[in-house]
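**Student:** File start-v4.pdb follows (PDB, C-alpha atoms and all ligand atoms):
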```pdb
MODEL        1
ATOM      1  CA  MET A 225     -59.968  26.107  78.419
ATOM      2  CA  THR A 226     -62.190  28.745  77.025
ATOM      3  CA  ASP A 227     -65.478  26.923  77.619
ATOM      4  CA  MET A 228     -64.904  26.640  81.374
ATOM      5  CA  THR A 229     -67.476  28.024  83.739
ATOM      6  CA  ALA A 230     -66.435  30.036  86.777
ATOM      7  CA  SER A 231     -67.127  27.130  89.113
ATOM      8  CA  ASP A 232     -65.136  24.699  86.887
ATOM      9  CA  LEU A 233     -62.225  27.061  87.015
ATOM     10  CA  ARG A 234     -62.493  27.490  90.769
ATOM     11  CA  ALA A 235     -62.681  23.727  91.277
ATOM     12  CA  THR A 236     -59.586  23.286  89.100
ATOM     13  CA  ARG A 237     -57.792  25.954  91.089
ATOM     14  CA  ASP A 238     -58.664  24.303  94.395
ATOM     15  CA  ARG A 239     -57.532  20.844  93.272
ATOM     16  CA  VAL A 240     -54.275  22.199  91.843
ATOM     17  CA  ALA A 241     -53.677  24.232  95.012
ATOM     18  CA  ALA A 242     -53.849  21.035  97.052
ATOM     19  CA  ARG A 243     -50.673  19.815  95.292
ATOM     20  CA  LEU A 244     -48.716  22.965  96.062
ATOM     21  CA  VAL A 245     -47.339  24.674  99.125
ATOM     22  CA  GLY A 246     -48.599  28.273  98.984
ATOM     23  CA  ARG A 247     -48.345  30.018  95.594
ATOM     24  CA  GLU A 248     -52.070  30.842  95.627
ATOM     25  CA  ARG A 249     -51.598  34.134  93.828
ATOM     26  CA  GLU A 250     -49.214  32.759  91.183
ATOM     27  CA  LEU A 251     -51.572  29.855  90.562
ATOM     28  CA  ASP A 252     -54.579  32.159  90.107
ATOM     29  CA  LEU A 253     -52.653  34.340  87.673
ATOM     30  CA  VAL A 254     -51.178  31.513  85.583
ATOM     31  CA  LEU A 255     -54.495  29.721  85.516
ATOM     32  CA  SER A 256     -56.333  32.859  84.428
ATOM     33  CA  ALA A 257     -53.878  33.408  81.596
ATOM     34  CA  VAL A 258     -54.108  29.862  80.240
ATOM     35  CA  ALA A 259     -57.885  29.700  80.770
ATOM     36  CA  ALA A 260     -58.105  32.884  78.713
ATOM     37  CA  GLY A 261     -56.340  31.051  75.886
ATOM     38  CA  ARG A 262     -53.179  33.094  76.315
ATOM     39  CA  ASP A 263     -49.498  32.191  76.332
ATOM     40  CA  ILE A 264     -47.212  33.409  79.106
ATOM     41  CA  VAL A 265     -43.593  33.813  80.158
ATOM     42  CA  LEU A 266     -42.712  32.868  83.717
ATOM     43  CA  GLU A 267     -39.670  34.783  84.789
ATOM     44  CA  GLY A 268     -37.830  33.670  87.882
ATOM     45  CA  PRO A 269     -34.742  31.950  89.210
ATOM     46  CA  PRO A 270     -34.503  28.116  89.180
ATOM     47  CA  GLY A 271     -36.440  26.163  91.776
ATOM     48  CA  THR A 272     -39.339  28.582  92.185
ATOM     49  CA  SER A 273     -42.259  26.162  91.542
ATOM     50  CA  LYS A 274     -42.679  26.847  87.808
ATOM     51  CA  THR A 275     -42.625  23.209  86.701
ATOM     52  CA  THR A 276     -44.586  22.125  89.761
ATOM     53  CA  ILE A 277     -47.413  24.564  88.950
ATOM     54  CA  LEU A 278     -47.523  23.589  85.251
ATOM     55  CA  LYS A 279     -47.429  19.855  85.974
ATOM     56  CA  ALA A 280     -50.332  20.234  88.372
ATOM     57  CA  ILE A 281     -52.449  22.261  85.906
ATOM     58  CA  THR A 282     -51.832  19.935  82.943
ATOM     59  CA  ALA A 283     -52.432  16.828  85.065
ATOM     60  CA  GLU A 284     -55.716  18.352  86.204
ATOM     61  CA  TRP A 285     -56.753  19.066  82.592
ATOM     62  CA  GLY A 286     -55.507  15.669  81.398
ATOM     63  CA  ILE A 287     -53.254  17.158  78.717
ATOM     64  CA  PRO A 288     -49.541  16.637  78.053
ATOM     65  CA  LEU A 289     -46.801  18.955  79.281
ATOM     66  CA  VAL A 290     -44.131  18.893  76.584
ATOM     67  CA  PHE A 291     -40.695  20.084  77.702
ATOM     68  CA  VAL A 292     -38.073  21.651  75.537
ATOM     69  CA  GLU A 293     -34.910  23.364  76.643
ATOM     70  CA  GLY A 294     -34.043  26.618  74.961
ATOM     71  CA  ASN A 295     -30.394  26.706  73.892
ATOM     72  CA  ALA A 296     -28.287  27.625  70.876
ATOM     73  CA  ASP A 297     -28.836  24.144  69.379
ATOM     74  CA  LEU A 298     -32.608  24.481  69.323
ATOM     75  CA  THR A 299     -33.076  25.052  65.610
ATOM     76  CA  PRO A 300     -36.513  25.619  64.080
ATOM     77  CA  ALA A 301     -36.247  22.078  62.630
ATOM     78  CA  LYS A 302     -35.701  20.603  66.107
ATOM     79  CA  LEU A 303     -38.671  22.495  67.472
ATOM     80  CA  VAL A 304     -40.998  21.566  64.599
ATOM     81  CA  GLY A 305     -39.786  18.085  63.675
ATOM     82  CA  HIS A 306     -38.058  16.275  60.821
ATOM     83  CA  HIS A 307     -38.572  13.491  58.312
ATOM     84  CA  ASN A 308     -36.929  10.187  59.214
ATOM     85  CA  PRO A 309     -33.938  10.174  56.809
ATOM     86  CA  ALA A 310     -33.755   6.387  56.358
ATOM     87  CA  ARG A 311     -37.429   6.190  55.515
ATOM     88  CA  VAL A 312     -37.202   9.194  53.192
ATOM     89  CA  LEU A 313     -34.535   7.304  51.194
ATOM     90  CA  ARG A 314     -36.815   4.279  50.863
ATOM     91  CA  GLU A 315     -40.233   5.919  50.584
ATOM     92  CA  ASP A 316     -39.608   9.567  49.664
ATOM     93  CA  TYR A 317     -41.061  12.335  51.851
ATOM     94  CA  SER A 318     -44.493  11.743  53.293
ATOM     95  CA  ALA A 319     -46.608  12.870  56.230
ATOM     96  CA  ASP A 320     -46.197   9.341  57.513
ATOM     97  CA  ASN A 321     -42.433   9.472  58.015
ATOM     98  CA  PHE A 322     -42.491  12.855  59.730
ATOM     99  CA  VAL A 323     -41.244  12.739  63.325
ATOM    100  CA  ALA A 324     -42.990  15.482  65.267
ATOM    101  CA  GLY A 325     -40.845  17.837  67.306
ATOM    102  CA  PRO A 326     -42.080  19.269  70.607
ATOM    103  CA  LEU A 327     -43.977  22.163  69.019
ATOM    104  CA  VAL A 328     -45.984  19.985  66.634
ATOM    105  CA  GLU A 329     -46.502  17.391  69.361
ATOM    106  CA  ALA A 330     -47.928  19.983  71.744
ATOM    107  CA  MET A 331     -50.101  21.525  69.023
ATOM    108  CA  SER A 332     -51.557  18.277  67.768
ATOM    109  CA  GLU A 333     -52.158  16.855  71.248
ATOM    110  CA  GLY A 334     -53.422  20.082  72.775
ATOM    111  CA  GLY A 335     -50.672  20.185  75.373
ATOM    112  CA  PHE A 336     -48.620  22.926  76.961
ATOM    113  CA  LEU A 337     -45.283  23.466  75.269
ATOM    114  CA  TYR A 338     -42.976  24.425  78.140
ATOM    115  CA  ILE A 339     -39.902  26.035  76.705
ATOM    116  CA  GLU A 340     -37.379  26.573  79.473
ATOM    117  CA  GLU A 341     -34.838  29.380  79.202
ATOM    118  CA  PHE A 342     -36.414  30.419  75.942
ATOM    119  CA  ASN A 343     -34.219  33.515  75.769
ATOM    120  CA  ARG A 344     -31.346  31.137  74.953
ATOM    121  CA  ALA A 345     -33.001  29.952  71.747
ATOM    122  CA  PRO A 346     -31.819  31.392  68.424
ATOM    123  CA  GLU A 347     -33.865  34.155  66.875
ATOM    124  CA  ASP A 348     -35.216  32.127  63.938
ATOM    125  CA  THR A 349     -36.499  29.520  66.414
ATOM    126  CA  LEU A 350     -38.279  32.232  68.388
ATOM    127  CA  ASN A 351     -39.858  33.480  65.174
ATOM    128  CA  THR A 352     -41.163  30.003  64.332
ATOM    129  CA  LEU A 353     -42.615  29.788  67.809
ATOM    130  CA  LEU A 354     -44.231  33.234  67.666
ATOM    131  CA  THR A 355     -45.806  32.461  64.302
ATOM    132  CA  ALA A 356     -47.270  29.194  65.582
ATOM    133  CA  MET A 357     -48.595  31.007  68.648
ATOM    134  CA  ALA A 358     -50.233  33.724  66.594
ATOM    135  CA  ASP A 359     -51.727  31.419  63.938
ATOM    136  CA  ARG A 360     -52.562  28.439  66.221
ATOM    137  CA  SER A 361     -51.485  26.354  63.251
ATOM    138  CA  ILE A 362     -48.281  25.568  61.442
ATOM    139  CA  ALA A 363     -47.470  24.696  57.857
ATOM    140  CA  VAL A 364     -44.980  21.841  57.703
ATOM    141  CA  PRO A 365     -43.416  21.258  54.275
ATOM    142  CA  ARG A 366     -44.460  17.894  52.786
ATOM    143  CA  VAL A 367     -46.805  17.253  55.713
ATOM    144  CA  GLY A 368     -49.411  19.960  55.462
ATOM    145  CA  THR A 369     -51.025  22.338  57.883
ATOM    146  CA  ILE A 370     -51.291  21.203  61.470
ATOM    147  CA  ASP A 371     -53.955  22.944  63.518
ATOM    148  CA  ALA A 372     -53.477  23.297  67.250
ATOM    149  CA  LYS A 373     -56.072  21.773  69.517
ATOM    150  CA  PRO A 374     -57.833  24.372  71.694
ATOM    151  CA  THR A 375     -55.797  23.598  74.829
ATOM    152  CA  PHE A 376     -52.421  24.178  73.136
ATOM    153  CA  ARG A 377     -50.423  26.844  75.009
ATOM    154  CA  VAL A 378     -46.882  28.059  75.005
ATOM    155  CA  ILE A 379     -45.375  28.623  78.431
ATOM    156  CA  ALA A 380     -41.873  30.018  78.337
ATOM    157  CA  SER A 381     -39.530  30.457  81.240
ATOM    158  CA  MET A 382     -36.495  32.601  81.711
ATOM    159  CA  ASN A 383     -34.062  33.212  84.528
ATOM    160  CA  PRO A 384     -33.544  36.926  85.220
ATOM    161  CA  TYR A 385     -29.969  36.272  86.451
ATOM    162  CA  ASP A 386     -29.038  34.468  83.277
ATOM    163  CA  ASN A 387     -26.747  36.559  81.111
ATOM    164  CA  VAL A 388     -24.609  34.043  79.248
ATOM    165  CA  GLY A 389     -25.553  32.909  75.781
ATOM    166  CA  THR A 390     -28.930  34.598  75.835
ATOM    167  CA  THR A 391     -30.645  36.346  72.980
ATOM    168  CA  ARG A 392     -31.664  39.918  73.688
ATOM    169  CA  LEU A 393     -35.367  39.527  73.201
ATOM    170  CA  SER A 394     -36.768  42.183  70.942
ATOM    171  CA  THR A 395     -39.638  44.347  72.114
ATOM    172  CA  SER A 396     -41.799  42.684  69.467
ATOM    173  CA  VAL A 397     -41.273  39.332  71.234
ATOM    174  CA  HIS A 398     -42.245  40.823  74.580
ATOM    175  CA  ASP A 399     -45.261  42.510  73.054
ATOM    176  CA  ARG A 400     -46.644  39.108  72.061
ATOM    177  CA  LEU A 401     -46.458  37.505  75.476
ATOM    178  CA  ASN A 402     -47.932  37.824  78.919
ATOM    179  CA  ARG A 403     -45.495  37.684  81.789
ATOM    180  CA  LEU A 404     -45.385  36.812  85.451
ATOM    181  CA  ALA A 405     -42.331  37.237  87.661
ATOM    182  CA  ILE A 406     -41.983  34.513  90.276
ATOM    183  CA  GLY A 407     -39.631  34.905  93.227
ATOM    184  CA  TYR A 408     -38.634  32.768  96.163
ATOM    185  CA  GLN A 409     -41.233  31.795  98.773
ATOM    186  CA  ASP A 410     -40.901  32.875 102.398
ATOM    187  CA  ALA A 411     -39.010  30.744 104.934
ATOM    188  CA  GLU A 412     -42.151  29.206 106.367
ATOM    189  CA  ALA A 413     -43.329  28.002 102.946
ATOM    190  CA  GLU A 414     -39.858  26.705 102.102
ATOM    191  CA  VAL A 415     -39.835  24.693 105.319
ATOM    192  CA  ALA A 416     -43.188  23.204 104.294
ATOM    193  CA  VAL A 417     -41.809  22.343 100.817
ATOM    194  CA  VAL A 418     -38.784  20.620 102.379
ATOM    195  CA  VAL A 419     -41.004  18.642 104.772
ATOM    196  CA  LEU A 420     -43.267  17.626 101.859
ATOM    197  CA  ARG A 421     -40.347  16.461  99.697
ATOM    198  CA  THR A 422     -38.240  14.769 102.402
ATOM    199  CA  GLY A 423     -40.856  13.534 104.866
ATOM    200  CA  ALA A 424     -38.729  15.094 107.624
ATOM    201  CA  ALA A 425     -40.121  14.137 111.043
ATOM    202  CA  GLY A 426     -38.990  14.125 114.657
ATOM    203  CA  PRO A 427     -36.958  16.661 116.666
ATOM    204  CA  LEU A 428     -33.601  16.214 114.878
ATOM    205  CA  GLU A 429     -35.103  16.519 111.418
ATOM    206  CA  SER A 430     -37.326  19.403 112.366
ATOM    207  CA  ARG A 431     -34.302  21.348 113.623
ATOM    208  CA  LEU A 432     -32.398  20.258 110.529
ATOM    209  CA  THR A 433     -35.157  21.487 108.210
ATOM    210  CA  ASP A 434     -35.219  24.938 109.842
ATOM    211  CA  ASP A 435     -31.428  25.200 109.663
ATOM    212  CA  ALA A 436     -31.305  23.917 106.069
ATOM    213  CA  VAL A 437     -33.812  26.525 104.939
ATOM    214  CA  ALA A 438     -32.036  29.309 106.869
ATOM    215  CA  VAL A 439     -28.566  28.611 105.438
ATOM    216  CA  THR A 440     -29.953  28.037 101.938
ATOM    217  CA  ARG A 441     -31.731  31.389 102.057
ATOM    218  CA  ALA A 442     -28.499  32.998 103.320
ATOM    219  CA  THR A 443     -26.734  31.913 100.099
ATOM    220  CA  ARG A 444     -29.095  34.280  98.243
ATOM    221  CA  GLU A 445     -28.113  37.241 100.425
ATOM    222  CA  HIS A 446     -24.337  36.821 100.518
ATOM    223  CA  ASP A 447     -22.431  39.738  98.974
ATOM    224  CA  ASP A 448     -20.145  37.568  96.842
ATOM    225  CA  VAL A 449     -22.961  35.502  95.343
ATOM    226  CA  ARG A 450     -24.695  36.352  92.071
ATOM    227  CA  GLN A 451     -27.261  33.601  92.392
ATOM    228  CA  GLY A 452     -27.776  31.435  95.449
ATOM    229  CA  SER A 453     -29.454  28.095  95.899
ATOM    230  CA  SER A 454     -33.156  27.433  95.505
ATOM    231  CA  VAL A 455     -35.188  25.302  97.890
ATOM    232  CA  ARG A 456     -33.739  22.295  95.994
ATOM    233  CA  GLY A 457     -30.508  22.860  97.959
ATOM    234  CA  ALA A 458     -32.400  22.766 101.275
ATOM    235  CA  ILE A 459     -34.179  19.562 100.240
ATOM    236  CA  ASP A 460     -30.879  17.858  99.396
ATOM    237  CA  LEU A 461     -29.219  19.232 102.507
ATOM    238  CA  VAL A 462     -31.813  17.510 104.676
ATOM    239  CA  LEU A 463     -31.554  14.242 102.722
ATOM    240  CA  VAL A 464     -27.742  14.199 102.914
ATOM    241  CA  ALA A 465     -27.624  15.258 106.580
ATOM    242  CA  ARG A 466     -30.115  12.531 107.469
ATOM    243  CA  GLU A 467     -27.736   9.854 106.166
ATOM    244  CA  LEU A 468     -24.711  11.531 107.699
ATOM    245  CA  ALA A 469     -26.456  11.626 111.101
ATOM    246  CA  GLN A 470     -26.881   7.863 110.897
ATOM    247  CA  LEU A 471     -23.303   7.229 109.773
ATOM    248  CA  ARG A 472     -21.942   9.329 112.623
ATOM    249  CA  ASP A 473     -24.634   8.465 115.117
ATOM    250  CA  VAL A 474     -25.323  12.133 115.866
ATOM    251  CA  SER A 475     -28.227  13.094 118.100
ATOM    252  CA  THR A 476     -29.857  16.458 118.921
ATOM    253  CA  SER A 477     -28.098  16.602 122.290
ATOM    254  CA  ASP A 478     -24.681  16.565 120.572
ATOM    255  CA  ASP A 479     -24.448  20.239 119.573
ATOM    256  CA  ALA A 480     -20.913  20.231 118.195
ATOM    257  CA  GLY A 481     -21.491  17.031 116.255
ATOM    258  CA  TYR A 482     -24.758  18.392 114.914
ATOM    259  CA  SER A 483     -23.432  21.716 113.663
ATOM    260  CA  GLU A 484     -20.404  20.025 112.070
ATOM    261  CA  LEU A 485     -22.761  17.627 110.348
ATOM    262  CA  VAL A 486     -24.798  20.505 108.935
ATOM    263  CA  PHE A 487     -21.622  22.123 107.608
ATOM    264  CA  ASP A 488     -20.526  18.931 105.854
ATOM    265  CA  ALA A 489     -23.981  18.441 104.342
ATOM    266  CA  MET A 490     -23.939  22.109 103.216
ATOM    267  CA  ILE A 491     -20.741  21.451 101.249
ATOM    268  CA  VAL A 492     -22.381  18.573  99.410
ATOM    269  CA  ALA A 493     -25.807  20.122  98.913
ATOM    270  CA  LEU A 494     -24.958  23.791  98.333
ATOM    271  CA  SER A 495     -21.406  24.339  97.013
ATOM    272  CA  GLY A 496     -22.385  23.559  93.420
ATOM    273  CA  ARG A 497     -25.560  25.586  93.658
ATOM    274  CA  ILE A 498     -24.068  28.970  94.402
ATOM    275  CA  HIS A 499     -22.767  31.075  91.577
ATOM    276  CA  LEU A 500     -20.228  33.653  92.623
ATOM    277  CA  ASP A 501     -19.919  37.167  91.307
ATOM    278  CA  GLU A 502     -17.238  37.320  88.635
ATOM    279  CA  ALA A 503     -15.269  39.856  90.660
ATOM    280  CA  ALA A 504     -15.447  37.897  93.937
ATOM    281  CA  GLU A 505     -12.141  36.467  95.129
ATOM    282  CA  THR A 506     -13.454  33.590  97.156
ATOM    283  CA  THR A 507     -14.740  30.041  96.763
ATOM    284  CA  PRO A 508     -18.157  28.482  97.332
ATOM    285  CA  GLU A 509     -16.682  26.573 100.281
ATOM    286  CA  ARG A 510     -15.477  29.783 101.935
ATOM    287  CA  VAL A 511     -18.827  31.452 101.384
ATOM    288  CA  LEU A 512     -20.542  28.454 102.999
ATOM    289  CA  ARG A 513     -18.133  28.575 105.944
ATOM    290  CA  GLU A 514     -19.062  32.219 106.520
ATOM    291  CA  ILE A 515     -22.756  31.472 106.320
ATOM    292  CA  TRP A 516     -22.358  28.534 108.683
ATOM    293  CA  GLU A 517     -20.351  30.593 111.210
ATOM    294  CA  ASP A 518     -22.903  33.352 111.054
ATOM    295  CA  HIS A 519     -25.706  30.902 111.686
ATOM    296  CA  PHE A 520     -24.169  28.600 114.293
ATOM    297  CA  VAL A 521     -21.393  30.598 115.968
ATOM    298  CA  LEU A 522     -22.310  34.281 115.809
ATOM    299  CA  ARG A 523     -26.066  33.881 116.097
ATOM    300  CA  PRO A 524     -26.445  30.544 117.898
ATOM    301  CA  ALA A 525     -29.929  31.558 119.118
ATOM    302  CA  ALA A 526     -31.146  31.100 115.555
ATOM    303  CA  ALA A 527     -29.986  27.484 115.702
ATOM    304  CA  GLU A 528     -31.888  26.633 118.867
ATOM    305  CA  PRO A 529     -34.458  23.908 118.391
ATOM    306  CA  GLY A 530     -38.068  25.055 118.117
TER
HETATM  307  N1  LIG B   1     -44.784  25.585  96.016
HETATM  308  C1  LIG B   1     -44.280  24.347  96.017
HETATM  309  N2  LIG B   1     -44.994  23.291  96.474
HETATM  310  C2  LIG B   1     -44.475  22.059  96.482
HETATM  311  N3  LIG B   1     -43.245  21.748  96.039
HETATM  312  C3  LIG B   1     -42.476  22.742  95.571
HETATM  313  C4  LIG B   1     -42.956  24.086  95.532
HETATM  314  N4  LIG B   1     -41.984  24.863  95.019
HETATM  315  C5  LIG B   1     -40.952  24.064  94.752
HETATM  316  N5  LIG B   1     -41.232  22.780  95.088
HETATM  317  C6  LIG B   1     -40.290  21.648  94.982
HETATM  318  O1  LIG B   1     -39.011  22.216  94.764
HETATM  319  C7  LIG B   1     -38.350  21.656  93.645
HETATM  320  C8  LIG B   1     -38.161  22.696  92.562
HETATM  321  O2  LIG B   1     -39.417  23.171  92.074
HETATM  322  P1  LIG B   1     -39.742  23.278  90.513
HETATM  323  O3  LIG B   1     -39.149  22.124  89.794
HETATM  324  O4  LIG B   1     -41.195  23.497  90.363
HETATM  325  O5  LIG B   1     -38.953  24.599  90.158
HETATM  326  P2  LIG B   1     -38.799  25.349  88.744
HETATM  327  O6  LIG B   1     -39.232  26.754  88.989
HETATM  328  O7  LIG B   1     -39.460  24.586  87.674
HETATM  329  O8  LIG B   1     -37.237  25.318  88.564
HETATM  330  P3  LIG B   1     -36.371  25.377  87.201
HETATM  331  O9  LIG B   1     -36.471  26.788  86.711
HETATM  332  O10 LIG B   1     -34.979  25.065  87.653
HETATM  333  O11 LIG B   1     -36.931  24.364  86.266
HETATM  334  C9  LIG B   1     -39.188  20.465  93.237
HETATM  335  O12 LIG B   1     -38.688  19.339  93.911
HETATM  336  C10 LIG B   1     -40.572  20.800  93.756
HETATM  337  O13 LIG B   1     -41.229  19.635  94.103
HETATM  338 MG    MG B   2     -38.594  23.544  86.047
ENDMDL
END
```
Please express what this file holds, its structure, as structure tokens.
Ligand SMILES: Nc1ncnc2c1ncn2[C@@H]1O[C@H](COP(=O)(O)OP(=O)(O)OP(=O)(O)O)[C@@H](O)[C@H]1O
Ligand SMILES: [Mg+2]

**Tutor:**
Amino acid sequence: MTDMTASDLRATRDRVAARLVGRERELDLVLSAVAAGRDIVLEGPPGTSKTTILKAITAEWGIPLVFVEGNADLTPAKLVGHHNPARVLREDYSADNFVAGPLVEAMSEGGFLYIEEFNRAPEDTLNTLLTAMADRSIAVPRVGTIDAKPTFRVIASMNPYDNVGTTRLSTSVHDRLNRLAIGYQDAEAEVAVVVLRTGAAGPLESRLTDDAVAVTRATREHDDVRQGSSVRGAIDLVLVARELAQLRDVSTSDDAGYSELVFDAMIVALSGRIHLDEAAETTPERVLREIWEDHFVLRPAAAEPG
């Protein structure tokens, strides 16, 4: 919002920050870019707070956050919108029977268009998007020119590890966008995220949260893994293990039962979230077994409560 005073912007930042664990620097930078009226690419692996930050900013500004997933099927027509075919047959083309796509919706409502994995979108779609960004308006055949409201922004995201089905973005695309790389948070912040999302409480769940974060982070370091699990895996691990602990009546004093329970919950919560190197001759389950052994058998001190 270009007419914001410094204290407005600071107040927005402080209220948004209250909805997030950490990420102060990323929030300041994203907020500065959008307050400056600029569009930006957020580059980072899945589960690194991108949506959480954008939801909090748009909620604070009272504007919509319009999602669209970038993939090969995202044609310019899907991004912009189309005329309802049945109504066109009855009434002929008119502005009235135009169904706005996400781009036109975001422009006319002054929302953020959040285009995830935008490097997967076809080149002609990217061109449509870049033109709308540059002009802040779009000419739609048989509808007319739609001007963007002042709060319209394009936020794109891309995953740096993603190399299948992606368009090599030309330097002219990059030259039109701001960019911020976002990585994983530290273990302490991830523990706080897991506690916030699961409501983990008590000695068993506190130990479980620490272990869940540690083994999830280890999936990102393992030699055979191209991309490990985000904090989403740790959140699910705690939720699954909590139920399993009840089913099996496991308590903190039962060390063997506890570590077995964590392993079983790891299989459910993490095996689908680790993507192996193409050359690796192993399975997600074997990788998880190694991580588990390293954490609970070889370095049991790390698994001590507290
Ligand atoms: N800093 C944070 N504060 C609070 N919750 C967070 C934070 N980071 C992540 N989370 C939680 O972790 C999960 C994943 O975060 P989020 O959806 O923001 O990731 P993302 O970067 O948008 O991922 P993707 O690229 O896969 O869309 C959500 O459940 C979210 O609530
Ligand atoms: Mg997201």

**Student:** Compile the contact shell of Ile515 (chain A) as a VMD selection string: residues with an atom at most 8 Å away, counting all atoms listed in the file, same-chain residues fewer than 2 positions apart removed.

**Tutor:** chain A and resid 439 442 to 443 511 to 513 517 to 519

**Student:** Kindly resolve the PyMOL selection byres (((chain A and resi 280-289) around 8) and not hetatm) on the present coordinates and return the residues as a VMD selection string.

**Tutor:** chain A and resid 236 239 to 240 243 255 276 to 279 290 to 291 330 333 to 338 375

**Student:** Write out the residues from the selection above, keeping C-alpha atoms, as an mmCIF file, in the frame of the given file.

**Tutor:**
```
data_model
loop_
_atom_site.group_PDB
_atom_site.id
_atom_site.type_symbol
_atom_site.label_atom_id
_atom_site.label_comp_id
_atom_site.auth_asym_id
_atom_site.auth_seq_id
_atom_site.Cartn_x
_atom_site.Cartn_y
_atom_site.Cartn_z
ATOM 1 C CA THR A 236 -59.586 23.286 89.100
ATOM 2 C CA ARG A 239 -57.532 20.844 93.272
ATOM 3 C CA VAL A 240 -54.275 22.199 91.843
ATOM 4 C CA ARG A 243 -50.673 19.815 95.292
ATOM 5 C CA LEU A 255 -54.495 29.721 85.516
ATOM 6 C CA THR A 276 -44.586 22.125 89.761
ATOM 7 C CA ILE A 277 -47.413 24.564 88.950
ATOM 8 C CA LEU A 278 -47.523 23.589 85.251
ATOM 9 C CA LYS A 279 -47.429 19.855 85.974
ATOM 10 C CA VAL A 290 -44.131 18.893 76.584
ATOM 11 C CA PHE A 291 -40.695 20.084 77.702
ATOM 12 C CA ALA A 330 -47.928 19.983 71.744
ATOM 13 C CA GLU A 333 -52.158 16.855 71.248
ATOM 14 C CA GLY A 334 -53.422 20.082 72.775
ATOM 15 C CA GLY A 335 -50.672 20.185 75.373
ATOM 16 C CA PHE A 336 -48.620 22.926 76.961
ATOM 17 C CA LEU A 337 -45.283 23.466 75.269
ATOM 18 C CA TYR A 338 -42.976 24.425 78.140
ATOM 19 C CA THR A 375 -55.797 23.598 74.829
#
```

**Student:** Of the candidates A:Met331, A:Leu401, A:Ala438, A:Ala503, which shows the shortest atom-to-atom distance to Ala372 (chain A), using all atoms listed in the file?

**Tutor:**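 For Ala372 (chain A), the nearest of the given residues is A:Met331.
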
**Student:** Kindly provide, as JSON, the centre and edge lengths (Å, one decimal) of an axis-aligned box around all atoms of region 289-303 of chain A given in the file, with 3 Å on each side.

**Tutor:**
```
{"center_x": -37.5, "center_y": 23.3, "center_z": 71.0, "size_x": 24.5, "size_y": 14.7, "size_z": 22.7}
```

**Student:** Kindly work out which residues sit at most 10 Å from ligand LIG 1 (chain B), using only C-alpha atoms and all ligand atoms, and give the list as number ranges by chain.

**Tutor:** A: 241-248, 250-251, 266-280, 293, 340-341, 381-383, 406-409, 413-414, 416-422, 454-460

**Student:** Give me a file of those residues, with C-alpha atoms, as an mmCIF file, in the frame of the given file.

**Tutor:**
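again-v2.cif was written with the following content:
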```cif
data_model
loop_
_atom_site.group_PDB
_atom_site.id
_atom_site.type_symbol
_atom_site.label_atom_id
_atom_site.label_comp_id
_atom_site.auth_asym_id
_atom_site.auth_seq_id
_atom_site.Cartn_x
_atom_site.Cartn_y
_atom_site.Cartn_z
ATOM 1 C CA ALA A 241 -53.677 24.232 95.012
ATOM 2 C CA ALA A 242 -53.849 21.035 97.052
ATOM 3 C CA ARG A 243 -50.673 19.815 95.292
ATOM 4 C CA LEU A 244 -48.716 22.965 96.062
ATOM 5 C CA VAL A 245 -47.339 24.674 99.125
ATOM 6 C CA GLY A 246 -48.599 28.273 98.984
ATOM 7 C CA ARG A 247 -48.345 30.018 95.594
ATOM 8 C CA GLU A 248 -52.070 30.842 95.627
ATOM 9 C CA GLU A 250 -49.214 32.759 91.183
ATOM 10 C CA LEU A 251 -51.572 29.855 90.562
ATOM 11 C CA LEU A 266 -42.712 32.868 83.717
ATOM 12 C CA GLU A 267 -39.670 34.783 84.789
ATOM 13 C CA GLY A 268 -37.830 33.670 87.882
ATOM 14 C CA PRO A 269 -34.742 31.950 89.210
ATOM 15 C CA PRO A 270 -34.503 28.116 89.180
ATOM 16 C CA GLY A 271 -36.440 26.163 91.776
ATOM 17 C CA THR A 272 -39.339 28.582 92.185
ATOM 18 C CA SER A 273 -42.259 26.162 91.542
ATOM 19 C CA LYS A 274 -42.679 26.847 87.808
ATOM 20 C CA THR A 275 -42.625 23.209 86.701
ATOM 21 C CA THR A 276 -44.586 22.125 89.761
ATOM 22 C CA ILE A 277 -47.413 24.564 88.950
ATOM 23 C CA LEU A 278 -47.523 23.589 85.251
ATOM 24 C CA LYS A 279 -47.429 19.855 85.974
ATOM 25 C CA ALA A 280 -50.332 20.234 88.372
ATOM 26 C CA GLU A 293 -34.910 23.364 76.643
ATOM 27 C CA GLU A 340 -37.379 26.573 79.473
ATOM 28 C CA GLU A 341 -34.838 29.380 79.202
ATOM 29 C CA SER A 381 -39.530 30.457 81.240
ATOM 30 C CA MET A 382 -36.495 32.601 81.711
ATOM 31 C CA ASN A 383 -34.062 33.212 84.528
ATOM 32 C CA ILE A 406 -41.983 34.513 90.276
ATOM 33 C CA GLY A 407 -39.631 34.905 93.227
ATOM 34 C CA TYR A 408 -38.634 32.768 96.163
ATOM 35 C CA GLN A 409 -41.233 31.795 98.773
ATOM 36 C CA ALA A 413 -43.329 28.002 102.946
ATOM 37 C CA GLU A 414 -39.858 26.705 102.102
ATOM 38 C CA ALA A 416 -43.188 23.204 104.294
ATOM 39 C CA VAL A 417 -41.809 22.343 100.817
ATOM 40 C CA VAL A 418 -38.784 20.620 102.379
ATOM 41 C CA VAL A 419 -41.004 18.642 104.772
ATOM 42 C CA LEU A 420 -43.267 17.626 101.859
ATOM 43 C CA ARG A 421 -40.347 16.461 99.697
ATOM 44 C CA THR A 422 -38.240 14.769 102.402
ATOM 45 C CA SER A 454 -33.156 27.433 95.505
ATOM 46 C CA VAL A 455 -35.188 25.302 97.890
ATOM 47 C CA ARG A 456 -33.739 22.295 95.994
ATOM 48 C CA GLY A 457 -30.508 22.860 97.959
ATOM 49 C CA ALA A 458 -32.400 22.766 101.275
ATOM 50 C CA ILE A 459 -34.179 19.562 100.240
ATOM 51 C CA ASP A 460 -30.879 17.858 99.396
#
```
